[in-house]
Structures are given as C-alpha cells and as structure tokens.
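Remarks on the structure that follows.
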2 protein chains.
Amino acid sequence: MQDLIQQIRNLLPKTGEWSNTGDDSAALKIEGKSGKLCFTSDSYVVTPLFFPGGNIGKIAFCGTVNDLAVMGAKPLGISLSLIIEEGFPKKDLFLIVKTIADLSEKTGIPVVTGDTKVMEKGNIDGLAINTAGVGVTDRILDEALKEGDRIIVSGSIGKHGAALLAARFGIKSDILTDSRPLLKEIESVRGWILQAKDVTRGGLAAVLNEVAEKNGVRIVVDEERIPVDAGTSALSRMLGIEPYVLACEGTFVCFSRREHSERVVAALRKFNSEAAVIGEVAGKGDQSVGRVFMKTRIGTRVLPNPSGRIVPRIC
Amino acid sequence: MQDLIQQIRNLLPKTGEWSNTGDDSAALKIEGKSGKLCFTSDSYVVTPLFFPGGNIGKIAFCGTVNDLAVMGAKPLGISLSLIIEEGFPKKDLFLIVKTIADLSEKTGIPVVTGDTKVMEKGNIDGLAINTAGVGVTDRILDEALKEGDRIIVSGSIGKHGAALLAARFGIKSDILTDSRPLLKEIESVRGWILQAKDVTRGGLAAVLNEVAEKNGVRIVVDEERIPVDAGTSALSRMLGIEPYVLACEGTFVCFSRREHSERVVAALRKFNSEAAVIGEVAGKGDQSVGRVFMKTRIGTRVLPNPSGRIVPRIC
C-alpha cells in the first residue's frame with residue numbers, strides 16, 4: 001500500500017511553491033502575508049458506516065479538521081462530497097449529514113462546498129465520503145526534532161480500531177471510537193510543541209515510524225507509559241493484535257523540548273487524563289536512525305511499521 | 001436528485017463568512033488582502049473509466065480546475081483522492097494518474113495533497129476519484145445580470161455526454177469528450193464577462209436554468225445559434241435525447257454586456273471557432289422569471305431543467 005502511494009506520488013510533477021506536501025496538510029505561503037494556507041483532503045470508506053461512538057460522518061469531519069489542526073492551522077472551511085449507492089436509506093444518509101452538521105456548528109467550521117454523486121446499486125458499498133479542508137496558520141508545526149525531545153500522546157490509543165473490530169466481529173465490548181475534533185487540545189499546547197501528528201491508519205506504530213523516518217531520528221518509547229484502556233487491551237489480546245497498530249481518530253502524538261513536556265502534558269490532561277509522555281527522541285548518528293524502539297519489561301525491541309492488510313476500511 | 005442535494009444543504013449550518021457557496025467554488029475574503037480564496041471539490045464516478053478522448057483522470061483534473069476558473073480564480077493547487085477497488089489493474093491506475101500528471105505539468109497547477117483508499121473487490125466499481133482545489137482571485141465573476149446581456153457559449157455542446165453514450169451503447173462514432181482545462185479561454189475574456197459557468201451534468205439546459213433561477217431573470221436562447229457538431233446531433237436524434245441535456249466537460253457559458261459580446265466571442269474563437277452568442281437575458285418583472293426559453297424554427301418553447309435519471313455516472 002505504501003509502495004503504491006509512493007508510485008502514484010512519483011508520477012506526479014513537483015509541487016512548486018507548496019511545502020509539507022508529504023504531511024497531513026500541504027502549505028502555501030500567502031502572498032504579501034506572514035501566514036500560510038493549509039490544504040488537505042481525505043476519503044472515508046469505513047465499514048460498518050455506523051459503529052460504537054460514531055459514524056462515517058464523524059470521522060470524515062474530524063479527520064480533515066484534525067489534519068489541519070496538527071499542522072498548527074485554524075480550519076476555515078471544509079468540503080463535503082458524497083458518493084451514495086442507489087437505494088441507500090435516506091434516514092441513514094440524513095443521520096450522517098446531521099452528525100457533520102452538529103460538529104460544524106460546535107466547532108464553527110462551516111461546510112462550504114461539495115458534491116453528491118449516485119452510483120448504481122451494487123457499484124459502491126453504501127456510502128463513501130470525501131472531505132477536503134482549508135486553513136491558515138502563522139506557524140506550521142514542523143520544527144526539527146533533536147535528541148532528548150519528548151514524545152507525548154494526547155490519550156489512550158487504539159480505541160477507534162478496537163471499536164470497529166468489536167463491531168465487525170460481533171464481540172461484546174464497551175469500547176467507543178475516540179473520533180473527535182482536536183482543535184482545542186492542539187491550540188492549548190501549540191506554543192510548546194514542535195510537531196504534531198494525528199494517529200490514524202496503522203496506529204501509533206505507523207505514526208512514530210513516519211516521524212522517525214521523515215526526521216531522520218531514532219525514537220524510543222516506553223511500553224509501560226503508553227496509555228491503552230482495559231477494553232482495547234483485552235480485545236487486542238483476544239485477537240492477537242498489538243494495540244499499537246490499531247487506528248485512532250481523535251488522538252494525537254506531539255513532540256516538545258524536554259523542558260516543555262510537563263507543561264504540555266498538564267495542558268492536555270485538562271482534556272484527557274490519560275495524556276502522557278511516552279518516550280523520547282534518541283538522536284541521529286546511529287545505524288538505527290529512522291526506526292522506532294520500544295522498551296518493554298523484558299528488554300528493548302523494534303516497533304515496526306505495520307505491514308500488510310492489518311485492518312482494511314477502518315477509516 | 002436536486003431535491004436530495006437541497007435536503008442535505010438544509011441540514012448543514014450557515015456558511016459564515018464564505019460567499020458563493022451555491023456556485024462552482026465557494027469564496028472567502030483573505031484577511032488584510034483585496035483578494036478572495038476560492039475552494040471547490042468534486043467526486044468523479046464516470047463509467048467507463050476510459051472513453052473516447054479521455055479518462056476519469058482527465059475529467060477529475062479539468063472539472064475541478066474549471067470550477068475555480070469559472071469563478072475567475074487562478075488555481076493554486078489541487079488534491080487527488082483515490083478510492084480503488086482491490087485488484088484494479090495497476091496499469092490502468094498509472095495511466096489515469098499519468099493523465100493527471102501531464103495536465104498538471106501543462107497547466108502548472110500542482111497536485112499537492114491527497115489520499116488513497118482501497119475497498120474490497122465488489123465493493124466499488126473500479127475507481128472513484130475526488131479532486132478538491134484552491135485558488136485566488138481579485139474579482140469573483142458574479143456580477144448581476146440585466147436585460148439585454150448576451151449569453152455566449154465557448155464551443156459546441158454535448159460532446160462529453162455523446163462520447164460516453166456512444167462508448168456505452170457500442171455505437172460507432174468519432175465523437176470525443178470535450179474535457180479540457182478552460183483557464184486560458186476564461187483568462188482571455190475575464191475582463192469582459194459578468195459570470196461564467198462550466199457546462200457539466202445536465203448539459204446546457206441545466207446550467208441555463210440554474211443561472212436564470214439564481215439571478216431571477218428570464219433567459220432566451222436561439223436554437224439555430226447553439227453550436228452542436230454533426231456527430232453529437234446525429235447521436236442525439238438516434239437516441240431520442242436533446243443535445244441540450246448532454247454533459248460537457250470543457251465548454252462554458254458566459255454572460256457579457258451587449259456591447260462586449262462580440263469582443264468576447266472573438267477572443268473565444270481563437271480557441272474554438274464554434275464559440276457563439278446564443279441568446280440574451282430577457283429581464284425581470286415577468287411571471288416567467290427564472291425560466292429558460294428557446295426560439296426554434298416553429299416558435300418559442302420552454303427549455304426545462306432536465307429531470308430524472310438522464311444519464312447517470314456521466315462524470
């Protein structure tokens with residue numbers, strides 16, 4: 001999958017004056033202004049469309065808003081494009097749109113443009129949504145990481161993936177998706193963090209590997225400090241899946257200088273008591289640069305980038 | 001379909017400081033600048049994916065770029081989000097992405113962000129694409145129309161719809177889609193036009209009805225002046241469909257003051273010799289305001305907004 005995405009990227013021309021085109025949002029300097037425009041787009045094909053704690057509309061709104069927020073941007077507006085299967089129940093469609101409407105109202109981020117297409121019955125499984133978003137920022141969160149920087153997670157991980165798996169396999173559980181807009185959380189720590197990434201497909205393992213590779217640093221996390229709630233932990237054991245590869249939709253990882261980490265955690269705990277420092281940047285100049293390690297009770301091991309079809313159509 | 005779109009819109013909150021949210025692109029004033037940001041998004045579900053003169057990638061790129069162009073905006077960048085059926089031939093996928101890459105290169109509009117999702121075999125018919133776009137303009141093309149304003153079309157109509165229908169029904173024809181970026185054409189007349197709309201789903205009939213309704217004017221076009229090429233005309237007759245409801249993907253309608261119309265047509269003819277004045281705005285203060293009339297050889301008749309499933313999955 002990552003190979004395919006890379007092959008597609010390689011076919012496309014250079015991105016001109018845009019920066020951060022490999023990040024959650026691409027950025028462009030606004031002519032004559034100190035700020036930057038941020039732009040992002042994601043499609044959502046989650047199944048089932050309704051799952052514990054949310055539906056496809058919730059992740060479509062929050063996912064795109066969070067992709068702007070983690071870049072340090074204030075979202076200005078989003079688009080909503082629906083691809084609907086002929087005969088899809090109107091009641092369900094309106095419930096999903098209402099979820100988006102409520103989030104739009106609550107966050108003050110309007111849905112300003114969009115599109116609706118219908119495909120014949122059997123040609124799409126229910127509903128797919130695309131949301132794109134634009135935002136502005138006077139400071140992109142992309143400062144270089146250095147040895148000793150702290151890694152902080154905003155809450156317990158894997159809940160979105162666990163909630164979906166439980167729903168799909170008919171396993172009884174109380175786990176709800178973590179899907180939520182992260183605007184206030186990120187705003188509260190924006191001045192003290194270097195980078196932020198929302199954890200999505202591939203879970204904590206994917207996002208940490210992406211950061212380690214992109215920044216050319218080694219990352220070391222401490223398994224005992226990574227918050228995983230009891231339900232997610234139990235479900236992971238039952239299915240033989242590590243919680244580190246389970247998707248989140250409302251949890252982010254951020255990086256701060258060592259001296260700011262406690263302040264960041266304190267601010268994030270006002271939103272979620274499970275926010276915690278989970279590790280640190282271990283510096284360059286080593287053969288293991290670009291890799292992620294996890295200290296466990298029995299020693300240190302590699303936390304690999306998840307490969308293969310871990311959980312398809314999770315978002 | 002239009003009812004459904006209206007119902008979805010009604011569920012969503014107000015769009016705040018954004019204007020033109022019912023147009024091809026939404027617009028937002030850029031703080032501290034005279035210009036406006038434009039933002040648009042469209043999904044493409046055309047079938048077949050490859051058709052005479054183009055493929056889904058071509059209409060996905062041109063469609064979004066044209067939605068910015070008709071608002072008077074200079075496109076800054078677009079997103080590319082792919083939903084791919086598991087097992088979809090890589091060769092076809094890369095051909096489609098290469099088409100987008102070539103158009104991006106040619107127009108200088110970079111693809112700056114995006115997303116790739118895979119759905120299980122049988123859960124989506126091949127490939128769906130979403131493109132969103134951002135642009136800037138110092139003047140949105142949304143000046144009010146008044147009696148006597150001229151209606152100009154940039155070329156012969158219905159070719160995209162006709163090409164697709166021929167391909168679907170296995171009818172031998174030389175008709176190619178008109179899909180193309182309209183940036184240069186619109187740039188060349190921007191100073192002389194009041195509004196522009198790219199003709200897409202529902203063809204000329206849909207776009208004229210939309211303009212008549214939105215502007216609260218009556219529109220009168222002259223059937224003999226509407227350019228329809230011989231192949232499209234023959235195919236329309238064979239299928240019993242009016243060419244006025246056939247989709248275009250690289251043709252636009254624009255409106256100018258009476259005294260500027262010849263200048264606009266002359267400029268457009270440098271790109272397409274079929275550009276022509278096809279009618280005029282017949283003013284307000286009449287019961288038939290918001291409607292479109294067509295003068296034919298045998299009298300004047302209403303040109304209604306196309307209703308029902310004219311041609312599904314045309315774009």
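Chain labels follow the order of the structure tokens: the first chain is A, the next B, and so on; residue numbering restarts at 1 in every chain, and ligands are counted from 1 in their shown order.
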Kindly assemble as JSON lines a list of the chain B residues that lie within 6 Å of chain A, each paired with its nearest atom pair and their distance in Å to one decimal, using only C-alpha atoms, sorted first by chain and then by ascending residue number.
```
{"residue": "B:Leu12", "atom": "CA", "partner": "A:Ala101", "partner_atom": "CA", "distance": 4.7}
{"residue": "B:Thr15", "atom": "CA", "partner": "A:Pro110", "partner_atom": "CA", "distance": 5.0}
{"residue": "B:Thr21", "atom": "CA", "partner": "A:Val112", "partner_atom": "CA", "distance": 5.6}
{"residue": "B:Ala26", "atom": "CA", "partner": "A:Thr113", "partner_atom": "CA", "distance": 6.0}
{"residue": "B:Thr40", "atom": "CA", "partner": "A:Thr113", "partner_atom": "CA", "distance": 5.9}
{"residue": "B:Ser41", "atom": "CA", "partner": "A:Gly114", "partner_atom": "CA", "distance": 5.4}
{"residue": "B:Asp42", "atom": "CA", "partner": "A:Asp115", "partner_atom": "CA", "distance": 5.4}
{"residue": "B:Ala101", "atom": "CA", "partner": "A:Leu12", "partner_atom": "CA", "distance": 4.7}
{"residue": "B:Pro110", "atom": "CA", "partner": "A:Thr15", "partner_atom": "CA", "distance": 5.0}
{"residue": "B:Val112", "atom": "CA", "partner": "A:Thr21", "partner_atom": "CA", "distance": 5.6}
{"residue": "B:Thr113", "atom": "CA", "partner": "A:Thr40", "partner_atom": "CA", "distance": 5.9}
{"residue": "B:Gly114", "atom": "CA", "partner": "A:Ser41", "partner_atom": "CA", "distance": 5.4}
{"residue": "B:Asp115", "atom": "CA", "partner": "A:Asp42", "partner_atom": "CA", "distance": 5.4}
{"residue": "B:Asn123", "atom": "CA", "partner": "A:Asp125", "partner_atom": "CA", "distance": 4.9}
{"residue": "B:Ile124", "atom": "CA", "partner": "A:Ile124", "partner_atom": "CA", "distance": 4.2}
{"residue": "B:Asp125", "atom": "CA", "partner": "A:Asn123", "partner_atom": "CA", "distance": 4.9}
```
Identify all residues of stretch 58-276 of chain B in alpha helix (DSSP H) (DSSP on the backbone) and supply them as an MDAnalysis selection string.
-> chainID B and resid 58:69 90:107 159:169 183:189 203:215 230:239 261:269
How far is it from atom CA of B:Cys254 to atom CA of B:Ile314, in Å with one decimal?
-> 22.7 Å
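Here atom CA of B:Leu68 stands at a distance of 25.6 Å from atom CA of B:Val228.
Comparing the minimum interatomic distances between A:Phe271 and each of A:Met238, A:Leu183, A:Val289, A:Ala196, counting only C-alpha atoms, we find that A:Leu183 sits nearest.
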Taking into account only C-alpha atoms, which residue in the set A:Glu249, A:Asp149, A:Glu86, A:Glu242 is nearest to A:Leu182?
-> A:Glu249
Please provide the set of residues having any atom within 12 Å of stretch 163-167 of chain A, restricted to only C-alpha atoms, with same-chain residues fewer than 3 positions apart removed, written as a PyMOL selection string.
-> chain A and resi 46-56+157-160+170-179+229+231-236+238-239+241+243+246-249+310-315
A:Phe255 environment, 8 Å, only C-alpha atoms, sequence neighbours closer than 6 positions dropped, as a PyMOL selection string = chain A and resi 145+149-152+193-196
Keeping C-alpha atoms for every residue in the selection just given, could you write it to a file as a PDB file, in the first residue's frame?
```pdb
ATOM      1  CA  LEU A 145      13.443  17.250  16.285  1.00  0.00           C
ATOM      2  CA  ASP A 149      12.870  15.855  22.696  1.00  0.00           C
ATOM      3  CA  ARG A 150       9.885  14.259  24.393  1.00  0.00           C
ATOM      4  CA  ILE A 151       7.089  12.281  22.732  1.00  0.00           C
ATOM      5  CA  ILE A 152       3.641  12.906  24.144  1.00  0.00           C
ATOM      6  CA  ILE A 193       5.215  21.781  20.660  1.00  0.00           C
ATOM      7  CA  LEU A 194       7.483  21.215  17.666  1.00  0.00           C
ATOM      8  CA  GLN A 195       5.370  18.832  15.618  1.00  0.00           C
ATOM      9  CA  ALA A 196       2.069  17.012  15.956  1.00  0.00           C
TER      10      ALA A 196
END
```
Taking the backbone alone, and naming residues the way the document does, which bits of stretch 96-309 of chain A are strand (DSSP E or B) by DSSP, as a ChimeraX atom specification?
-> /A:111-119,124,127-137,142,150-153,195-198,219-222,252-256,276-281,292-296,299-302
Counting only C-alpha atoms, what is within 10 Å of A:Lys184, bar same-chain residues fewer than 6 positions away, as number ranges by chain?
-> A: 69, 107, 190, 268, 271
Non-local contacts of A:Val70 (7 Å; only C-alpha atoms; under 6 positions in same chain excluded) as a PyMOL selection string | chain A and resi 186+196-198
Fewer than 6 positions away in the same chain doesn't count, so skip those; otherwise give me all residues within 12 Å of B:Val281, counting only C-alpha atoms, as a ChimeraX atom specification.
-> /B:144-152,208-209,211-213,215-222,254-258,289-294
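Relative to atom CA of B:Cys62, atom CA of B:Lys270 is found at 19.8 Å.
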